[in-house]
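Undergrad: data-v3.cif is reproduced in full below (mmCIF, C-alpha atoms).
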```cif
data_target
#
loop_
_atom_site.group_PDB
_atom_site.id
_atom_site.type_symbol
_atom_site.label_atom_id
_atom_site.label_comp_id
_atom_site.auth_asym_id
_atom_site.auth_seq_id
_atom_site.Cartn_x
_atom_site.Cartn_y
_atom_site.Cartn_z
ATOM 1 C CA MET A 9 85.673 116.589 107.805
ATOM 2 C CA LEU A 10 87.519 113.967 105.772
ATOM 3 C CA THR A 11 85.568 111.754 103.433
ATOM 4 C CA ALA A 12 86.480 108.241 102.386
ATOM 5 C CA MET A 13 87.863 109.723 99.150
ATOM 6 C CA ASP A 14 90.201 112.012 101.128
ATOM 7 C CA ARG A 15 91.539 109.026 103.039
ATOM 8 C CA SER A 16 92.280 106.749 100.122
ATOM 9 C CA SER A 17 95.695 106.399 98.548
ATOM 10 C CA PRO A 18 96.203 106.951 94.820
ATOM 11 C CA SER A 19 96.214 103.206 94.235
ATOM 12 C CA GLY A 20 92.754 102.919 95.778
ATOM 13 C CA THR A 21 93.893 101.136 98.909
ATOM 14 C CA THR A 22 93.539 102.618 102.358
ATOM 15 C CA GLU A 23 95.564 101.887 105.465
ATOM 16 C CA THR A 24 94.883 103.328 108.890
ATOM 17 C CA GLY A 25 97.780 104.741 110.889
ATOM 18 C CA ALA A 26 98.195 104.872 114.661
ATOM 19 C CA ASP A 27 96.369 108.194 114.802
ATOM 20 C CA GLY A 28 93.267 106.712 113.133
ATOM 21 C CA PHE A 29 93.782 108.561 109.859
ATOM 22 C CA ALA A 30 94.373 106.827 106.588
ATOM 23 C CA GLN A 31 97.965 106.460 105.487
ATOM 24 C CA PRO A 32 99.135 105.828 101.955
ATOM 25 C CA GLY A 33 101.280 102.709 101.670
ATOM 26 C CA LYS A 34 104.585 104.342 100.757
ATOM 27 C CA TRP A 35 108.101 103.343 101.723
ATOM 28 C CA LEU A 36 111.539 104.933 101.402
ATOM 29 C CA ILE A 37 114.076 102.203 100.678
ATOM 30 C CA GLY A 38 117.795 102.980 100.802
ATOM 31 C CA VAL A 39 119.999 100.550 98.861
ATOM 32 C CA LEU A 40 123.774 100.406 99.292
ATOM 33 C CA PHE A 41 125.993 100.390 96.230
ATOM 34 C CA ARG A 42 129.789 100.137 96.205
ATOM 35 C CA SER A 43 131.321 101.831 93.192
ATOM 36 C CA SER A 44 134.375 100.534 91.363
ATOM 37 C CA ALA A 45 136.484 103.003 93.344
ATOM 38 C CA SER A 46 135.187 101.372 96.581
ATOM 39 C CA ARG A 47 133.081 104.422 97.362
ATOM 40 C CA VAL A 48 129.896 103.725 99.290
ATOM 41 C CA VAL A 49 126.800 105.267 97.718
ATOM 42 C CA TRP A 50 123.234 105.057 99.069
ATOM 43 C CA MET A 51 120.478 105.188 96.461
ATOM 44 C CA TYR A 52 116.947 105.875 97.694
ATOM 45 C CA TYR A 53 113.705 104.712 96.110
ATOM 46 C CA VAL A 54 110.161 105.726 97.042
ATOM 47 C CA VAL A 55 107.835 102.753 96.605
ATOM 48 C CA GLY A 56 104.068 103.161 96.749
ATOM 49 C CA GLY A 57 101.279 100.607 96.773
ATOM 50 C CA ALA A 58 103.503 97.703 97.773
ATOM 51 C CA GLY A 59 101.210 96.518 100.571
ATOM 52 C CA ASP A 60 103.970 95.498 102.966
ATOM 53 C CA VAL A 61 107.655 96.038 103.602
ATOM 54 C CA SER A 62 108.907 92.879 101.872
ATOM 55 C CA ARG A 63 107.091 93.805 98.653
ATOM 56 C CA ALA A 64 108.419 97.367 98.915
ATOM 57 C CA VAL A 65 111.984 96.063 99.261
ATOM 58 C CA ARG A 66 111.560 93.748 96.274
ATOM 59 C CA ALA A 67 110.176 96.625 94.180
ATOM 60 C CA ALA A 68 113.079 98.904 95.155
ATOM 61 C CA LEU A 69 115.645 96.202 94.340
ATOM 62 C CA ALA A 70 113.947 95.563 90.998
ATOM 63 C CA ARG A 71 114.218 99.270 90.179
ATOM 64 C CA ALA A 72 117.822 99.421 91.377
ATOM 65 C CA ASN A 73 118.710 96.445 89.174
ATOM 66 C CA SER A 74 116.862 97.673 86.087
ATOM 67 C CA ALA A 75 118.923 98.005 82.912
ATOM 68 C CA ARG A 76 118.812 101.804 83.064
ATOM 69 C CA GLU A 77 119.981 102.013 86.692
ATOM 70 C CA ARG A 78 122.724 99.418 86.146
ATOM 71 C CA GLN A 79 123.963 101.326 83.090
ATOM 72 C CA VAL A 80 124.383 104.465 85.220
ATOM 73 C CA ARG A 81 126.355 102.432 87.785
ATOM 74 C CA GLY A 82 128.578 100.736 85.204
ATOM 75 C CA GLY A 83 126.576 97.510 85.031
ATOM 76 C CA ALA A 84 126.813 96.509 88.695
ATOM 77 C CA PHE A 85 123.935 94.724 90.418
ATOM 78 C CA VAL A 86 122.857 95.552 93.980
ATOM 79 C CA THR A 87 121.638 93.094 96.608
ATOM 80 C CA ALA A 88 119.690 93.304 99.850
ATOM 81 C CA GLU A 89 122.877 93.133 101.930
ATOM 82 C CA ASP A 90 122.529 96.656 103.304
ATOM 83 C CA LEU A 91 119.172 98.427 103.333
ATOM 84 C CA GLU A 92 117.540 101.353 105.060
ATOM 85 C CA VAL A 93 113.786 100.906 105.279
ATOM 86 C CA ARG A 94 111.496 103.735 106.377
ATOM 87 C CA ARG A 95 107.728 104.078 106.067
ATOM 88 C CA ILE A 96 106.467 107.405 104.756
ATOM 89 C CA THR A 97 103.437 108.604 106.709
ATOM 90 C CA LEU A 98 101.289 111.704 106.915
ATOM 91 C CA ASP A 99 99.966 113.077 110.192
ATOM 92 C CA ALA A 100 96.507 114.569 110.661
ATOM 93 C CA LEU A 101 97.771 117.957 109.437
ATOM 94 C CA GLY A 102 99.320 116.509 106.310
ATOM 95 C CA HIS A 103 102.944 116.700 107.472
ATOM 96 C CA THR A 104 105.171 114.009 106.017
ATOM 97 C CA ARG A 105 107.186 111.864 108.430
ATOM 98 C CA LEU A 106 109.585 108.959 108.080
ATOM 99 C CA ASP A 107 108.833 106.132 110.492
ATOM 100 C CA GLY A 108 111.332 103.457 111.296
ATOM 101 C CA PRO A 109 114.627 103.093 113.062
ATOM 102 C CA GLY A 110 116.460 105.578 110.860
ATOM 103 C CA ASP A 111 119.614 103.519 110.893
ATOM 104 C CA ARG A 112 120.911 101.404 108.094
ATOM 105 C CA SER A 113 120.556 97.712 108.833
ATOM 106 C CA ALA A 114 122.712 95.034 107.289
ATOM 107 C CA ALA A 115 121.651 91.590 106.097
ATOM 108 C CA LEU A 116 117.944 91.748 106.894
ATOM 109 C CA SER A 117 115.898 88.805 105.653
ATOM 110 C CA TRP A 118 113.872 90.196 102.776
#
```
Could you show the structure in this file as structure tokens?

TA:
Amino acid sequence: MLTAMDRSSPSGTTETGADGFAQPGKWLIGVLFRSSASRVVWMYYVVGGAGDVSRAVRAALARANSARERQVRGGAFVTAEDLEVRRITLDALGHTRLDGPGDRSAALSW
């Protein structure tokens, strides 16, 4: 039997999924980057404890635009023009699943 402690996320917040079990608030955010050679590169960030999708997107963009990440990409900034947003969930057996459309959506209003 699960206790309240088993159901809580590391940040101390608990969300209940469709199956009635607690789900940690984690998101997988894919951010598009176009390199100087016009290559398309998708960078993925796992964001936990954001509370909702708009906060998760903002956190991922902040990470993507950090000085360290920009240095790796040659100084380029990324925007929310093209994003892939998926929620990371766990089922009752502890299997990880990505919820969401699974396609990359352009120009969403974040």

Undergrad: My list of candidates is A:Leu40, A:Gly102, A:Ala88, A:Thr97. Which is closest to A:Ser62 when distances are computed with all atoms listed in the file?

TA: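 When distances to A:Ser62 are compared using all atoms listed in the file, the smallest one comes from A:Ala88.
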
Undergrad: Convert the output of the PyMOL selection byres ((chain A and resi 107) around 6) on the shown file into explicit residues, formatted as a ChimeraX atom specification.

TA: /A:94-95,106,108

Undergrad: Take the PyMOL selection byres ((chain A and resi 69) around 12), apply it to the structure above, and return the hits as a PDB file with C-alpha atoms, in the coordinates of the input.

TA:
```
ATOM      1  CA  LEU A  36     111.539 104.933 101.402  1.00  0.00           C
ATOM      2  CA  ILE A  37     114.076 102.203 100.678  1.00  0.00           C
ATOM      3  CA  GLY A  38     117.795 102.980 100.802  1.00  0.00           C
ATOM      4  CA  VAL A  39     119.999 100.550  98.861  1.00  0.00           C
ATOM      5  CA  LEU A  40     123.774 100.406  99.292  1.00  0.00           C
ATOM      6  CA  PHE A  41     125.993 100.390  96.230  1.00  0.00           C
ATOM      7  CA  MET A  51     120.478 105.188  96.461  1.00  0.00           C
ATOM      8  CA  TYR A  52     116.947 105.875  97.694  1.00  0.00           C
ATOM      9  CA  TYR A  53     113.705 104.712  96.110  1.00  0.00           C
ATOM     10  CA  VAL A  54     110.161 105.726  97.042  1.00  0.00           C
ATOM     11  CA  VAL A  55     107.835 102.753  96.605  1.00  0.00           C
ATOM     12  CA  SER A  62     108.907  92.879 101.872  1.00  0.00           C
ATOM     13  CA  ARG A  63     107.091  93.805  98.653  1.00  0.00           C
ATOM     14  CA  ALA A  64     108.419  97.367  98.915  1.00  0.00           C
ATOM     15  CA  VAL A  65     111.984  96.063  99.261  1.00  0.00           C
ATOM     16  CA  ARG A  66     111.560  93.748  96.274  1.00  0.00           C
ATOM     17  CA  ALA A  67     110.176  96.625  94.180  1.00  0.00           C
ATOM     18  CA  ALA A  68     113.079  98.904  95.155  1.00  0.00           C
ATOM     19  CA  ALA A  70     113.947  95.563  90.998  1.00  0.00           C
ATOM     20  CA  ARG A  71     114.218  99.270  90.179  1.00  0.00           C
ATOM     21  CA  ALA A  72     117.822  99.421  91.377  1.00  0.00           C
ATOM     22  CA  ASN A  73     118.710  96.445  89.174  1.00  0.00           C
ATOM     23  CA  SER A  74     116.862  97.673  86.087  1.00  0.00           C
ATOM     24  CA  GLU A  77     119.981 102.013  86.692  1.00  0.00           C
ATOM     25  CA  ARG A  78     122.724  99.418  86.146  1.00  0.00           C
ATOM     26  CA  PHE A  85     123.935  94.724  90.418  1.00  0.00           C
ATOM     27  CA  VAL A  86     122.857  95.552  93.980  1.00  0.00           C
ATOM     28  CA  THR A  87     121.638  93.094  96.608  1.00  0.00           C
ATOM     29  CA  ALA A  88     119.690  93.304  99.850  1.00  0.00           C
ATOM     30  CA  GLU A  89     122.877  93.133 101.930  1.00  0.00           C
ATOM     31  CA  ASP A  90     122.529  96.656 103.304  1.00  0.00           C
ATOM     32  CA  LEU A  91     119.172  98.427 103.333  1.00  0.00           C
ATOM     33  CA  TRP A 118     113.872  90.196 102.776  1.00  0.00           C
TER      34      TRP A 118
END
```

Undergrad: Rounded to one decimal place, report the atom CA of A:Leu101-atom CA of A:Ala58 distance in Å.

TA: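 If I compute the distance from atom CA of A:Leu101 to atom CA of A:Ala58, I get 24.1 Å.
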
Undergrad: Just want the 8 Å neighbourhood of A:Gly56, counted on only C-alpha atoms, with same-chain residues fewer than 3 positions away dropped. Output as a PyMOL selection string.

TA: chain A and resi 32-35+64

Undergrad: Atom CA of A:Val61 and atom CA of A:Arg105 are how many Å apart?

TA: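 Computed distance, atom CA of A:Val61 to atom CA of A:Arg105, equals 16.6 Å.
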
Undergrad: Between atom CA of A:Pro109 and atom CA of A:Ser46, what distance in Å does the model show, to one decimal?

TA: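 Calculated distance between atom CA of A:Pro109 and atom CA of A:Ser46 is 26.4 Å.
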
Undergrad: Provide an axis-aligned box for all listed atoms of stretch 39-43 of chain A, padding each side by 6 Å; report its centre and its edge lengths in Å to one decimal, as JSON.

TA:
```
{"center_x": 125.7, "center_y": 101.0, "center_z": 96.2, "size_x": 23.3, "size_y": 13.7, "size_z": 18.1}
```

Undergrad: Complete the atoms of stretch 79-111 of chain A to N, CA and C atoms and put them out as a PDB file, keeping the file's coordinate frame.

TA:
```
ATOM      1  N   GLN A  79     123.132 100.624  84.065  1.00  0.00           N
ATOM      2  CA  GLN A  79     123.963 101.326  83.090  1.00  0.00           C
ATOM      3  C   GLN A  79     124.608 102.552  83.728  1.00  0.00           C
ATOM      4  N   VAL A  80     123.858 103.276  84.530  1.00  0.00           N
ATOM      5  CA  VAL A  80     124.383 104.465  85.220  1.00  0.00           C
ATOM      6  C   VAL A  80     125.500 104.068  86.183  1.00  0.00           C
ATOM      7  N   ARG A  81     125.357 102.899  86.808  1.00  0.00           N
ATOM      8  CA  ARG A  81     126.355 102.432  87.785  1.00  0.00           C
ATOM      9  C   ARG A  81     127.454 101.591  87.143  1.00  0.00           C
ATOM     10  N   GLY A  82     127.525 101.523  85.852  1.00  0.00           N
ATOM     11  CA  GLY A  82     128.578 100.736  85.204  1.00  0.00           C
ATOM     12  C   GLY A  82     128.265  99.256  85.145  1.00  0.00           C
ATOM     13  N   GLY A  83     126.982  98.901  85.196  1.00  0.00           N
ATOM     14  CA  GLY A  83     126.576  97.510  85.031  1.00  0.00           C
ATOM     15  C   GLY A  83     126.461  96.704  86.309  1.00  0.00           C
ATOM     16  N   ALA A  84     126.818  97.264  87.440  1.00  0.00           N
ATOM     17  CA  ALA A  84     126.813  96.509  88.695  1.00  0.00           C
ATOM     18  C   ALA A  84     125.399  96.267  89.217  1.00  0.00           C
ATOM     19  N   PHE A  85     125.188  95.067  89.758  1.00  0.00           N
ATOM     20  CA  PHE A  85     123.935  94.724  90.418  1.00  0.00           C
ATOM     21  C   PHE A  85     124.041  95.088  91.894  1.00  0.00           C
ATOM     22  N   VAL A  86     122.888  95.337  92.530  1.00  0.00           N
ATOM     23  CA  VAL A  86     122.857  95.552  93.980  1.00  0.00           C
ATOM     24  C   VAL A  86     122.062  94.412  94.610  1.00  0.00           C
ATOM     25  N   THR A  87     122.345  94.144  95.873  1.00  0.00           N
ATOM     26  CA  THR A  87     121.638  93.094  96.608  1.00  0.00           C
ATOM     27  C   THR A  87     121.029  93.693  97.878  1.00  0.00           C
ATOM     28  N   ALA A  88     120.337  92.852  98.615  1.00  0.00           N
ATOM     29  CA  ALA A  88     119.690  93.304  99.850  1.00  0.00           C
ATOM     30  C   ALA A  88     120.620  93.165 101.057  1.00  0.00           C
ATOM     31  N   GLU A  89     121.924  93.252 100.823  1.00  0.00           N
ATOM     32  CA  GLU A  89     122.877  93.133 101.930  1.00  0.00           C
ATOM     33  C   GLU A  89     122.718  94.264 102.931  1.00  0.00           C
ATOM     34  N   ASP A  90     122.670  95.486 102.441  1.00  0.00           N
ATOM     35  CA  ASP A  90     122.529  96.656 103.304  1.00  0.00           C
ATOM     36  C   ASP A  90     121.349  97.479 102.814  1.00  0.00           C
ATOM     37  N   LEU A  91     120.362  97.675 103.689  1.00  0.00           N
ATOM     38  CA  LEU A  91     119.172  98.427 103.333  1.00  0.00           C
ATOM     39  C   LEU A  91     118.800  99.383 104.455  1.00  0.00           C
ATOM     40  N   GLU A  92     118.186 100.476 104.090  1.00  0.00           N
ATOM     41  CA  GLU A  92     117.540 101.353 105.060  1.00  0.00           C
ATOM     42  C   GLU A  92     116.076 101.381 104.663  1.00  0.00           C
ATOM     43  N   VAL A  93     115.203 100.989 105.582  1.00  0.00           N
ATOM     44  CA  VAL A  93     113.786 100.906 105.279  1.00  0.00           C
ATOM     45  C   VAL A  93     113.029 101.844 106.200  1.00  0.00           C
ATOM     46  N   ARG A  94     112.291 102.773 105.610  1.00  0.00           N
ATOM     47  CA  ARG A  94     111.496 103.735 106.377  1.00  0.00           C
ATOM     48  C   ARG A  94     110.112 103.822 105.756  1.00  0.00           C
ATOM     49  N   ARG A  95     109.092 103.885 106.566  1.00  0.00           N
ATOM     50  CA  ARG A  95     107.728 104.078 106.067  1.00  0.00           C
ATOM     51  C   ARG A  95     107.442 105.570 106.003  1.00  0.00           C
ATOM     52  N   ILE A  96     106.847 106.007 104.918  1.00  0.00           N
ATOM     53  CA  ILE A  96     106.467 107.405 104.756  1.00  0.00           C
ATOM     54  C   ILE A  96     105.019 107.548 105.214  1.00  0.00           C
ATOM     55  N   THR A  97     104.788 108.407 106.201  1.00  0.00           N
ATOM     56  CA  THR A  97     103.437 108.604 106.709  1.00  0.00           C
ATOM     57  C   THR A  97     103.082 110.085 106.711  1.00  0.00           C
ATOM     58  N   LEU A  98     101.805 110.350 106.798  1.00  0.00           N
ATOM     59  CA  LEU A  98     101.289 111.704 106.915  1.00  0.00           C
ATOM     60  C   LEU A  98     100.533 111.807 108.231  1.00  0.00           C
ATOM     61  N   ASP A  99     100.742 112.900 108.974  1.00  0.00           N
ATOM     62  CA  ASP A  99      99.966 113.077 110.192  1.00  0.00           C
ATOM     63  C   ASP A  99      98.638 113.740 109.850  1.00  0.00           C
ATOM     64  N   ALA A 100      97.844 114.014 110.865  1.00  0.00           N
ATOM     65  CA  ALA A 100      96.507 114.569 110.661  1.00  0.00           C
ATOM     66  C   ALA A 100      96.540 115.927 109.971  1.00  0.00           C
ATOM     67  N   LEU A 101      97.647 116.647 110.074  1.00  0.00           N
ATOM     68  CA  LEU A 101      97.771 117.957 109.437  1.00  0.00           C
ATOM     69  C   LEU A 101      98.405 117.887 108.056  1.00  0.00           C
ATOM     70  N   GLY A 102      98.737 116.680 107.629  1.00  0.00           N
ATOM     71  CA  GLY A 102      99.320 116.509 106.310  1.00  0.00           C
ATOM     72  C   GLY A 102     100.831 116.620 106.267  1.00  0.00           C
ATOM     73  N   HIS A 103     101.480 116.636 107.437  1.00  0.00           N
ATOM     74  CA  HIS A 103     102.944 116.700 107.472  1.00  0.00           C
ATOM     75  C   HIS A 103     103.522 115.312 107.209  1.00  0.00           C
ATOM     76  N   THR A 104     104.517 115.268 106.363  1.00  0.00           N
ATOM     77  CA  THR A 104     105.171 114.009 106.017  1.00  0.00           C
ATOM     78  C   THR A 104     106.191 113.648 107.094  1.00  0.00           C
ATOM     79  N   ARG A 105     106.255 112.349 107.414  1.00  0.00           N
ATOM     80  CA  ARG A 105     107.186 111.864 108.430  1.00  0.00           C
ATOM     81  C   ARG A 105     107.745 110.518 107.968  1.00  0.00           C
ATOM     82  N   LEU A 106     108.976 110.262 108.339  1.00  0.00           N
ATOM     83  CA  LEU A 106     109.585 108.959 108.080  1.00  0.00           C
ATOM     84  C   LEU A 106     109.560 108.154 109.364  1.00  0.00           C
ATOM     85  N   ASP A 107     108.869 107.023 109.344  1.00  0.00           N
ATOM     86  CA  ASP A 107     108.833 106.132 110.492  1.00  0.00           C
ATOM     87  C   ASP A 107     109.852 105.030 110.295  1.00  0.00           C
ATOM     88  N   GLY A 108     110.359 104.528 111.364  1.00  0.00           N
ATOM     89  CA  GLY A 108     111.332 103.457 111.296  1.00  0.00           C
ATOM     90  C   GLY A 108     112.552 103.819 112.099  1.00  0.00           C
ATOM     91  N   PRO A 109     113.472 102.886 112.202  1.00  0.00           N
ATOM     92  CA  PRO A 109     114.627 103.093 113.062  1.00  0.00           C
ATOM     93  C   PRO A 109     115.551 104.214 112.617  1.00  0.00           C
ATOM     94  N   GLY A 110     115.602 104.504 111.333  1.00  0.00           N
ATOM     95  CA  GLY A 110     116.460 105.578 110.860  1.00  0.00           C
ATOM     96  C   GLY A 110     117.911 105.186 110.714  1.00  0.00           C
ATOM     97  N   ASP A 111     118.244 103.962 111.097  1.00  0.00           N
ATOM     98  CA  ASP A 111     119.614 103.519 110.893  1.00  0.00           C
ATOM     99  C   ASP A 111     119.630 102.539 109.729  1.00  0.00           C
TER     100      ASP A 111
END
```
